[in-house]
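The data block below is upload-v2.cif; it holds mmCIF, C-alpha atoms.
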```
data_input
#
loop_
_atom_site.label_atom_id
_atom_site.label_comp_id
_atom_site.auth_asym_id
_atom_site.auth_seq_id
_atom_site.Cartn_x
_atom_site.Cartn_y
_atom_site.Cartn_z
CA MET A 1 81.61 103.77 104.51
CA THR A 2 83.96 104.38 101.64
CA THR A 3 82.24 107.68 100.94
CA VAL A 4 83.07 108.83 104.45
CA VAL A 5 86.67 107.76 103.98
CA LEU A 6 86.97 109.53 100.68
CA ASN A 7 85.29 112.65 102.01
CA ARG A 8 87.69 112.71 104.88
CA ARG A 9 90.66 112.15 102.60
CA ASN A 10 89.46 114.75 100.16
CA LEU A 11 88.84 117.18 102.97
CA LEU A 12 92.32 116.57 104.35
CA ALA A 13 93.91 116.84 100.91
CA ALA A 14 91.92 119.95 100.04
CA GLY A 15 92.66 121.48 103.44
CA GLY A 16 96.34 120.69 103.04
CA ALA A 17 96.36 122.15 99.55
CA VAL A 18 94.62 125.31 100.70
CA LEU A 19 97.03 125.62 103.61
CA THR A 20 100.09 125.06 101.45
CA THR A 21 98.89 127.33 98.68
CA GLY A 22 97.86 129.95 101.20
CA VAL A 23 101.20 129.90 102.99
CA SER A 24 103.32 129.84 99.82
CA GLY A 25 101.04 132.54 98.41
CA LEU A 26 101.91 134.74 101.35
CA LEU A 27 105.60 133.98 101.12
CA LEU A 28 105.83 134.19 97.31
CA PRO A 29 103.14 136.59 96.12
CA ALA A 30 104.63 136.64 92.60
CA ARG A 31 103.90 132.88 92.18
CA ALA A 32 100.30 132.82 93.31
CA GLU A 33 99.37 130.31 90.57
CA GLY A 34 102.00 127.81 91.82
CA LEU A 35 101.04 124.15 92.03
CA ALA A 36 101.63 122.79 95.54
CA PRO A 37 103.74 119.62 95.93
CA THR A 38 101.94 116.41 96.90
CA PRO A 39 102.66 115.48 100.52
CA SER A 40 103.35 111.84 101.40
CA MET A 41 100.27 110.06 102.76
CA SER A 42 100.37 108.44 106.18
CA GLY A 43 101.05 104.73 105.85
CA GLY A 44 102.15 105.27 102.24
CA ALA A 45 105.60 103.81 102.83
CA ASN A 46 104.35 100.65 104.56
CA ASN A 47 105.91 97.46 103.17
CA TYR A 48 108.02 99.53 100.75
CA ILE A 49 110.98 97.69 99.22
CA LYS A 50 113.73 99.89 97.84
CA GLY A 51 114.64 99.42 94.20
CA ALA A 52 111.71 97.41 92.82
CA PRO A 53 112.56 96.38 89.22
CA THR A 54 111.08 98.25 86.25
CA VAL A 55 108.62 95.84 84.64
CA ASP A 56 106.18 95.73 81.71
CA ARG A 57 103.55 94.29 84.00
CA ILE A 58 103.34 93.05 87.60
CA GLY A 59 102.41 89.36 87.62
CA LYS A 60 99.56 88.35 85.35
CA GLY A 61 97.91 91.78 85.34
CA GLY A 62 94.20 92.56 85.00
CA PHE A 63 94.20 95.75 87.07
CA TRP A 64 95.50 99.17 86.01
CA MET A 65 97.37 101.63 88.19
CA SER A 66 97.79 104.97 86.48
CA GLY A 67 98.58 108.58 87.23
CA THR A 68 100.68 111.60 86.40
CA VAL A 69 103.88 113.19 87.62
CA ARG A 70 104.22 116.97 87.46
CA ARG A 71 106.58 119.61 88.79
CA ALA A 72 105.51 121.77 91.69
CA GLY A 73 105.05 125.44 90.85
CA ASP A 74 104.50 125.49 87.07
CA GLY A 75 102.86 122.03 86.86
CA ALA A 76 105.08 120.95 83.94
CA PRO A 77 104.78 117.20 83.16
CA LEU A 78 107.86 115.24 84.17
CA ALA A 79 108.93 112.59 81.65
CA GLY A 80 111.02 109.51 82.44
CA GLN A 81 110.29 109.52 86.16
CA ARG A 82 110.39 106.14 87.89
CA ILE A 83 107.30 105.30 89.97
CA GLN A 84 107.22 102.21 92.20
CA ILE A 85 103.94 100.43 92.77
CA TRP A 86 102.93 97.69 95.20
CA ALA A 87 99.79 96.32 96.83
CA HIS A 88 98.10 93.27 98.32
CA THR A 89 96.76 91.49 95.24
CA THR A 90 95.38 88.17 94.08
CA GLU A 91 98.99 87.13 93.42
CA GLY A 92 100.73 88.12 96.60
CA ARG A 93 100.85 90.03 99.84
CA GLU A 94 102.05 93.59 100.14
CA HIS A 95 105.55 92.83 101.41
CA GLU A 96 106.29 90.05 98.92
CA PRO A 97 108.71 90.93 96.10
CA GLN A 98 106.39 89.69 93.33
CA SER A 99 103.84 92.30 94.43
CA HIS A 100 106.28 95.12 93.61
CA GLY A 101 107.19 96.75 90.33
CA ALA A 102 108.17 100.06 88.79
CA THR A 103 107.39 101.98 85.62
CA LEU A 104 108.46 105.22 83.91
CA THR A 105 106.37 108.25 82.97
CA ASP A 106 105.93 109.05 79.26
CA LYS A 107 106.59 112.45 77.62
CA ASN A 108 103.28 113.74 79.04
CA GLY A 109 104.31 112.79 82.57
CA ALA A 110 101.75 109.96 82.63
CA PHE A 111 102.34 106.42 83.85
CA ARG A 112 100.26 103.27 83.57
CA LEU A 113 101.19 99.83 84.88
CA GLU A 114 99.17 96.64 84.72
CA MET A 115 99.17 94.58 87.87
CA PRO A 116 97.06 91.85 89.55
CA GLN A 117 93.68 92.77 91.08
CA ILE A 118 94.03 94.66 94.36
CA ILE A 119 92.32 92.93 97.32
CA PRO A 120 91.23 94.76 100.51
CA VAL A 121 93.85 94.38 103.21
CA PHE A 122 93.92 95.89 106.68
CA GLY A 123 90.35 97.03 106.17
CA GLN A 124 90.70 99.01 102.92
CA PRO A 125 91.31 98.17 99.26
CA HIS A 126 94.35 100.33 98.60
CA GLY A 127 97.57 100.58 96.65
CA HIS A 128 100.99 102.04 97.36
CA LEU A 129 103.15 104.23 95.11
CA ALA A 130 106.53 105.80 95.62
CA TYR A 131 108.70 108.34 93.88
CA ASP A 132 112.18 107.92 95.35
CA SER A 133 114.72 108.59 92.58
CA GLY A 134 116.37 111.47 94.40
CA GLU A 135 116.11 114.28 91.85
CA PHE A 136 112.94 115.41 93.59
CA LYS A 137 111.84 114.93 97.17
CA THR A 138 110.61 111.40 97.95
CA VAL A 139 106.82 110.99 98.03
CA PHE A 140 104.80 107.95 99.17
CA LEU A 141 101.13 107.70 98.20
CA ARG A 142 98.43 105.33 99.43
CA PRO A 143 95.28 105.76 97.30
CA VAL A 144 92.10 103.92 98.36
CA MET A 145 89.67 102.34 95.90
CA ARG A 146 86.03 103.50 96.04
CA SER A 147 85.01 99.86 95.86
CA ALA A 148 86.93 96.60 96.04
CA LYS A 149 85.27 95.67 92.72
CA GLU A 150 87.07 98.41 90.78
CA THR A 151 89.76 97.31 88.36
CA SER A 152 91.79 100.50 88.24
CA LEU A 153 93.20 103.13 90.56
CA GLU A 154 94.84 106.53 90.05
CA ALA A 155 97.47 108.46 91.94
CA HIS A 156 99.01 111.79 91.01
CA PHE A 157 102.36 113.21 92.02
CA VAL A 158 103.43 116.87 92.16
CA LEU A 159 107.12 116.81 92.99
CA GLN A 160 109.39 119.49 94.38
CA PRO A 161 113.19 119.61 93.92
CA ALA A 162 115.10 117.72 96.58
CA MET B 1 60.56 79.65 132.04
CA ARG B 2 59.21 77.36 129.39
CA LEU B 3 61.75 75.15 127.70
CA ALA B 4 60.81 76.48 124.26
CA LYS B 5 61.56 80.04 125.32
CA VAL B 6 64.85 79.03 126.92
CA THR B 7 65.89 77.18 123.78
CA LEU B 8 64.84 80.10 121.62
CA ILE B 9 66.92 82.64 123.56
CA TRP B 10 70.05 80.51 123.46
CA ALA B 11 69.52 79.67 119.79
CA ALA B 12 69.11 83.37 118.99
CA LEU B 13 72.36 84.17 120.78
CA ALA B 14 74.16 81.34 118.99
CA ALA B 15 72.84 82.62 115.66
CA ALA B 16 73.70 86.26 116.41
CA ILE B 17 77.34 85.26 116.89
CA GLY B 18 77.52 82.14 114.72
CA VAL B 19 75.99 83.55 111.53
CA PRO B 20 78.50 86.45 111.15
CA ILE B 21 81.36 84.02 111.81
CA ALA B 22 80.01 81.56 109.24
CA ALA B 23 79.47 84.37 106.72
CA ALA B 24 83.04 85.59 107.24
CA ALA B 25 84.28 82.03 106.83
CA ALA B 26 82.71 82.09 103.35
CA SER B 27 84.45 85.35 102.38
CA PRO B 28 86.34 85.20 99.07
CA LEU B 29 89.04 87.42 100.63
CA LEU B 30 90.26 84.46 102.70
CA ALA B 31 91.74 82.90 99.56
CA TRP B 32 94.40 85.62 99.48
CA ARG B 33 95.25 85.65 103.19
CA ASP B 34 97.66 83.50 105.11
CA PRO B 35 96.62 81.56 108.24
CA VAL B 36 97.95 84.12 110.74
CA TYR B 37 96.01 86.95 109.10
CA ILE B 38 92.86 84.81 108.95
CA LEU B 39 93.23 83.89 112.63
CA ALA B 40 93.70 87.56 113.55
CA GLY B 41 90.56 88.53 111.66
CA PHE B 42 88.41 85.86 113.26
CA ALA B 43 89.75 86.72 116.71
CA GLY B 44 88.36 90.21 116.10
CA ILE B 45 84.95 88.84 115.06
CA ILE B 46 84.86 86.57 118.12
CA ALA B 47 85.78 89.53 120.33
CA LEU B 48 82.79 91.44 118.93
CA GLY B 49 80.59 88.42 119.70
CA LEU B 50 81.89 88.29 123.29
CA VAL B 51 81.06 91.98 123.70
CA LEU B 52 77.44 91.00 122.94
CA VAL B 53 77.47 88.26 125.60
CA GLN B 54 78.81 90.48 128.39
CA PRO B 55 75.77 92.77 128.97
CA LEU B 56 73.41 89.80 128.53
CA LEU B 57 75.16 87.99 131.38
CA ILE B 58 75.14 90.98 133.72
CA GLY B 59 71.52 91.81 132.86
CA GLY B 60 70.49 88.23 133.66
CA TYR B 61 68.86 87.80 130.26
CA LEU B 62 70.29 84.37 129.59
CA PRO B 63 68.03 81.70 131.09
CA GLY B 64 69.51 78.90 133.14
CA LEU B 65 72.22 81.04 134.68
CA SER B 66 71.80 82.25 138.26
CA ALA B 67 72.88 85.81 139.06
CA TYR B 68 76.03 84.39 140.63
CA ARG B 69 76.82 82.12 137.67
CA GLY B 70 76.09 84.94 135.26
CA ARG B 71 78.55 87.20 137.02
CA ARG B 72 81.22 84.48 137.17
CA THR B 73 80.77 83.81 133.48
CA HIS B 74 81.01 87.56 132.80
CA HIS B 75 84.44 87.49 134.46
CA TRP B 76 85.60 84.53 132.38
CA ILE B 77 84.27 86.00 129.16
CA GLY B 78 86.10 89.22 130.06
CA GLY B 79 89.32 87.20 130.24
CA ALA B 80 88.52 85.55 126.92
CA LEU B 81 87.94 89.00 125.42
CA VAL B 82 91.45 90.05 126.46
CA VAL B 83 92.88 86.91 124.83
CA ALA B 84 90.84 87.46 121.63
CA VAL B 85 92.00 91.08 121.33
CA ALA B 86 95.61 90.05 122.00
CA VAL B 87 95.41 87.42 119.23
CA HIS B 88 93.75 89.99 116.92
CA VAL B 89 96.45 92.62 117.45
CA GLY B 90 99.32 90.10 117.59
CA GLY B 91 98.23 88.38 114.39
CA LEU B 92 97.87 91.68 112.54
CA TRP B 93 101.29 92.74 113.81
CA ILE B 94 102.85 89.57 112.37
CA THR B 95 100.91 90.09 109.10
CA SER B 96 102.08 93.67 108.54
CA PRO B 97 104.15 95.26 111.32
CA PRO B 98 104.18 98.82 109.86
CA ASP B 99 100.37 98.91 109.53
CA MET B 100 99.91 97.69 113.11
CA ILE B 101 102.45 100.16 114.47
CA ASP B 102 100.61 102.97 112.64
CA ALA B 103 97.36 101.86 114.24
CA LEU B 104 98.77 101.60 117.77
CA THR B 105 100.42 105.01 117.52
CA PHE B 106 97.23 106.61 116.14
CA SER B 107 99.02 107.54 112.90
CA SER B 108 97.13 105.15 110.64
CA PRO B 109 95.40 106.43 107.49
CA THR B 110 92.46 104.09 108.17
CA PRO B 111 89.65 105.81 110.11
CA PHE B 112 88.61 102.64 111.93
CA SER B 113 91.97 101.98 113.58
CA PRO B 114 91.77 104.49 116.47
CA TRP B 115 88.31 103.20 117.45
CA GLY B 116 89.68 99.69 117.76
CA VAL B 117 92.81 100.75 119.61
CA ILE B 118 90.83 102.83 122.12
CA ALA B 119 88.41 99.93 122.69
CA MET B 120 91.43 97.64 123.18
CA TRP B 121 92.90 99.84 125.90
CA ALA B 122 89.50 100.08 127.60
CA ILE B 123 89.24 96.26 127.57
CA PHE B 124 92.73 95.92 129.06
CA ALA B 125 91.94 98.58 131.68
CA VAL B 126 88.73 96.85 132.78
CA ALA B 127 90.48 93.47 132.95
CA LEU B 128 93.37 94.87 134.97
CA LEU B 129 91.09 96.72 137.37
CA ALA B 130 88.85 93.66 137.71
CA ALA B 131 91.89 91.61 138.66
CA LEU B 132 93.00 94.21 141.22
CA ARG B 133 89.53 95.07 142.46
CA ARG B 134 89.57 92.80 145.47
CA ARG B 135 93.15 93.62 146.42
CA TRP B 136 92.42 97.34 146.28
CA GLY B 137 89.13 96.80 148.14
CA LEU B 138 87.13 98.71 145.55
CA ARG B 139 83.51 99.05 146.60
CA ALA B 140 80.78 97.93 144.24
CA ARG B 141 79.68 101.49 143.55
CA THR B 142 83.20 102.71 142.88
CA TRP B 143 83.77 99.75 140.60
CA ARG B 144 80.59 100.52 138.69
CA ILE B 145 81.61 104.16 138.25
CA ILE B 146 84.90 102.95 136.74
CA HIS B 147 83.52 100.04 134.71
CA LEU B 148 80.50 101.75 133.17
CA PRO B 149 82.26 104.44 131.08
CA LEU B 150 84.91 101.93 130.02
CA ALA B 151 82.18 99.50 128.97
CA ILE B 152 80.57 102.24 126.87
CA VAL B 153 83.95 102.96 125.24
CA ILE B 154 84.41 99.23 124.49
CA VAL B 155 80.96 98.86 122.95
CA VAL B 156 80.99 102.06 120.87
CA GLY B 157 84.65 101.72 119.90
CA GLY B 158 84.25 98.07 118.94
CA VAL B 159 81.09 98.64 116.90
CA VAL B 160 82.42 101.67 114.97
CA HIS B 161 85.73 99.83 114.38
CA ALA B 162 83.93 96.81 112.93
CA MET B 163 81.46 98.80 110.81
CA LEU B 164 84.14 100.93 109.12
CA ILE B 165 86.28 97.94 108.11
CA GLU B 166 86.04 96.50 104.63
CA GLY B 167 87.15 92.98 105.38
CA THR B 168 85.97 89.38 105.57
CA MET B 169 82.77 90.12 107.52
CA GLU B 170 79.58 90.10 105.43
CA THR B 171 77.89 93.52 105.65
CA ILE B 172 74.38 92.61 106.80
CA SER B 173 75.35 90.00 109.40
CA LYS B 174 78.00 92.42 110.68
CA ALA B 175 75.51 95.28 110.96
CA ALA B 176 73.02 92.98 112.75
CA LEU B 177 75.63 91.83 115.27
CA CYS B 178 76.71 95.44 115.87
CA ALA B 179 73.09 96.54 116.37
CA LEU B 180 72.56 93.73 118.89
CA VAL B 181 75.75 94.67 120.74
CA LEU B 182 74.52 98.27 121.06
CA ALA B 183 70.97 97.18 121.98
CA ALA B 184 72.19 94.77 124.67
CA ALA B 185 74.45 97.41 126.21
CA VAL B 186 71.70 100.05 126.23
CA LYS B 187 69.15 97.59 127.64
CA VAL B 188 71.29 96.49 130.55
CA MET B 189 72.11 100.10 131.40
CA VAL B 190 68.42 101.06 131.33
CA ASP B 191 67.26 97.98 133.24
CA LEU B 192 69.85 98.28 135.98
CA ARG B 193 69.54 102.07 136.00
CA VAL B 194 73.27 102.26 136.23
CA TRP B 195 73.33 106.04 136.43
CA ARG B 196 71.35 106.01 139.69
CA ARG B 197 72.96 105.77 143.08
CA ARG B 198 72.29 102.30 144.36
CA LYS B 199 73.36 100.39 147.38
CA THR B 200 73.32 97.01 145.70
CA LEU B 201 73.24 95.55 142.24
CA ARG B 202 71.17 92.42 141.88
CA GLY B 203 71.41 91.54 145.55
CA GLU B 204 75.14 92.07 145.69
CA SER B 205 76.29 92.03 149.29
CA VAL B 206 78.31 94.86 150.82
CA ALA B 207 81.00 92.31 151.70
CA ARG B 208 82.37 92.29 148.15
#
```
Render the structure in this file as structure tokens.
Amino acid sequence: MTTVVLNRRNLLAAGGAVLTTGVSGLLLPARAEGLAPTPSMSGGANNYIKGAPTVDRIGKGGFWMSGTVRRAGDGAPLAGQRIQIWAHTTEGREHEPQSHGATLTDKNGAFRLEMPQIIPVFGQPHGHLAYDSGEFKTVFLRPVMRSAKETSLEAHFVLQPA
Amino acid sequence: MRLAKVTLIWAALAAAIGVPIAAAAASPLLAWRDPVYILAGFAGIIALGLVLVQPLLIGGYLPGLSAYRGRRTHHWIGGALVVAVAVHVGGLWITSPPDMIDALTFSSPTPFSPWGVIAMWAIFAVALLAALRRRWGLRARTWRIIHLPLAIVIVVGGVVHAMLIEGTMETISKAALCALVLAAAVKVMVDLRVWRRRKTLRGESVAR
């Protein structure tokens, strides 16, 4: 089942990337190597709470959410970007404040935040991430775990100027 | 029919529905869900079980029920199915409104949501038409032409919806229940040759 989901997601993401790249390639032939911005995923913003606090760890931890933040076009890593993370975990439901936290990207544009184990909710084990600091356009992601047994999940942002 | 066979059929039906419910009741996921969410989930499982009972009643496969009683029970179970689906959707709405709104507006990222929503509308449509059938004076054949495709949508939509969900249901008992739901629906359609033009169905009088 999950394979189907992932295939579908990958297909959609790949199709979207091809479309975006293709269109921008036509419009800006000089920047054919440009990295396309990540579009928000449907349902990504569900149970989002604005301004989750920056934390060292969400709850008691045990699960790792990681990823990268880069700039659209040249793909340069973006340091010091605030990424908000929330999910339905062993320590709370998606909308509850203790399930939310934020972290900053390092000089390589990478982020990594420990949080409680994600539990399947609404039929899929998934997490939520948001970039919403304003300097770049807001992006909401909703990555799905290949299996509910996994103890980590990745999500990658390519941001475009607001 | 011998008593042993009668007992066996009813026991098999009870197991087909009871085992998946019991297996879901043992799911570790329940520990991290609140009562409303748990209720919503089980309402969905019960709805799937009721979808198994419906073709069995109409096909006359359940011993001890006359054709008339079977049909009456089919009506009542249909009503119960509407209630179960309403509890399922209502409970999920309370649990996470944005996720339920996404599902109902077909903008959900989860591939199983549209199957469930389409099956839900088909269930509501059948129930509404069944309630209005007499008032509108729908003939048996007309009713069958309306009910049959909707029943197929309910069965296929419900089964795909359930199979794609990663939730409290245990995989094997869920797959078994889904297979039985499909088998029962196919069997009743074959046995009653629903695609043929017929004057009556199981001795149904023209007066209906």
Once you count all atoms listed in the file, which residues of chain B turn out to be within 12 Å of chain A? Could you give them as a ChimeraX atom specification? /B:27-34,37-38,40-41,88-89,91-103,105-113,116,160-169,171
Can those selected residues be exported to a file as a short mmCIF file (atom, residue, chain, number, x, y, z; two decimals), in the coordinates of the input so that it contains C-alpha atoms?
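Done, and the output landed in part_19.cif:
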```
data_model
loop_
_atom_site.label_atom_id
_atom_site.label_comp_id
_atom_site.auth_asym_id
_atom_site.auth_seq_id
_atom_site.Cartn_x
_atom_site.Cartn_y
_atom_site.Cartn_z
CA SER B 27 84.45 85.35 102.38
CA PRO B 28 86.34 85.20 99.07
CA LEU B 29 89.04 87.42 100.63
CA LEU B 30 90.26 84.46 102.70
CA ALA B 31 91.74 82.90 99.56
CA TRP B 32 94.40 85.62 99.48
CA ARG B 33 95.25 85.65 103.19
CA ASP B 34 97.66 83.50 105.11
CA TYR B 37 96.01 86.95 109.10
CA ILE B 38 92.86 84.81 108.95
CA ALA B 40 93.70 87.56 113.55
CA GLY B 41 90.56 88.53 111.66
CA HIS B 88 93.75 89.99 116.92
CA VAL B 89 96.45 92.62 117.45
CA GLY B 91 98.23 88.38 114.39
CA LEU B 92 97.87 91.68 112.54
CA TRP B 93 101.29 92.74 113.81
CA ILE B 94 102.85 89.57 112.37
CA THR B 95 100.91 90.09 109.10
CA SER B 96 102.08 93.67 108.54
CA PRO B 97 104.15 95.26 111.32
CA PRO B 98 104.18 98.82 109.86
CA ASP B 99 100.37 98.91 109.53
CA MET B 100 99.91 97.69 113.11
CA ILE B 101 102.45 100.16 114.47
CA ASP B 102 100.61 102.97 112.64
CA ALA B 103 97.36 101.86 114.24
CA THR B 105 100.42 105.01 117.52
CA PHE B 106 97.23 106.61 116.14
CA SER B 107 99.02 107.54 112.90
CA SER B 108 97.13 105.15 110.64
CA PRO B 109 95.40 106.43 107.49
CA THR B 110 92.46 104.09 108.17
CA PRO B 111 89.65 105.81 110.11
CA PHE B 112 88.61 102.64 111.93
CA SER B 113 91.97 101.98 113.58
CA GLY B 116 89.68 99.69 117.76
CA VAL B 160 82.42 101.67 114.97
CA HIS B 161 85.73 99.83 114.38
CA ALA B 162 83.93 96.81 112.93
CA MET B 163 81.46 98.80 110.81
CA LEU B 164 84.14 100.93 109.12
CA ILE B 165 86.28 97.94 108.11
CA GLU B 166 86.04 96.50 104.63
CA GLY B 167 87.15 92.98 105.38
CA THR B 168 85.97 89.38 105.57
CA MET B 169 82.77 90.12 107.52
CA THR B 171 77.89 93.52 105.65
#
```
Selection result of the PyMOL selection byres ((chain A and resi 159) around 8) on this file, as a count of residues only: 13
Separation of atom CA of Arg139 of chain B from atom CA of Leu62 of chain B, in Å and rounded to one decimal: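 Atom CA of Arg139 of chain B sits 26.1 Å away from atom CA of Leu62 of chain B.
The coordinates place atom CA of Leu48 of chain B at 10.2 Å from atom CA of Pro20 of chain B.
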Run the PyMOL selection byres ((chain A and resi 53) around 12) on the file and write out the hits as a PyMOL selection string. chain A and resi 49-52+54-58+82-86+97-104
The selected residues should be written to file as a compact mmCIF listing (two decimals), in the coordinates of the input (atoms: C-alpha atoms).
```
# COMPACT_ATOMS: atom_id res chain seq x y z
CA ILE A 49 110.98 97.69 99.22
CA LYS A 50 113.73 99.89 97.84
CA GLY A 51 114.64 99.42 94.20
CA ALA A 52 111.71 97.41 92.82
CA THR A 54 111.08 98.25 86.25
CA VAL A 55 108.62 95.84 84.64
CA ASP A 56 106.18 95.73 81.71
CA ARG A 57 103.55 94.29 84.00
CA ILE A 58 103.34 93.05 87.60
CA ARG A 82 110.39 106.14 87.89
CA ILE A 83 107.30 105.30 89.97
CA GLN A 84 107.22 102.21 92.20
CA ILE A 85 103.94 100.43 92.77
CA TRP A 86 102.93 97.69 95.20
CA PRO A 97 108.71 90.93 96.10
CA GLN A 98 106.39 89.69 93.33
CA SER A 99 103.84 92.30 94.43
CA HIS A 100 106.28 95.12 93.61
CA GLY A 101 107.19 96.75 90.33
CA ALA A 102 108.17 100.06 88.79
CA THR A 103 107.39 101.98 85.62
CA LEU A 104 108.46 105.22 83.91
```
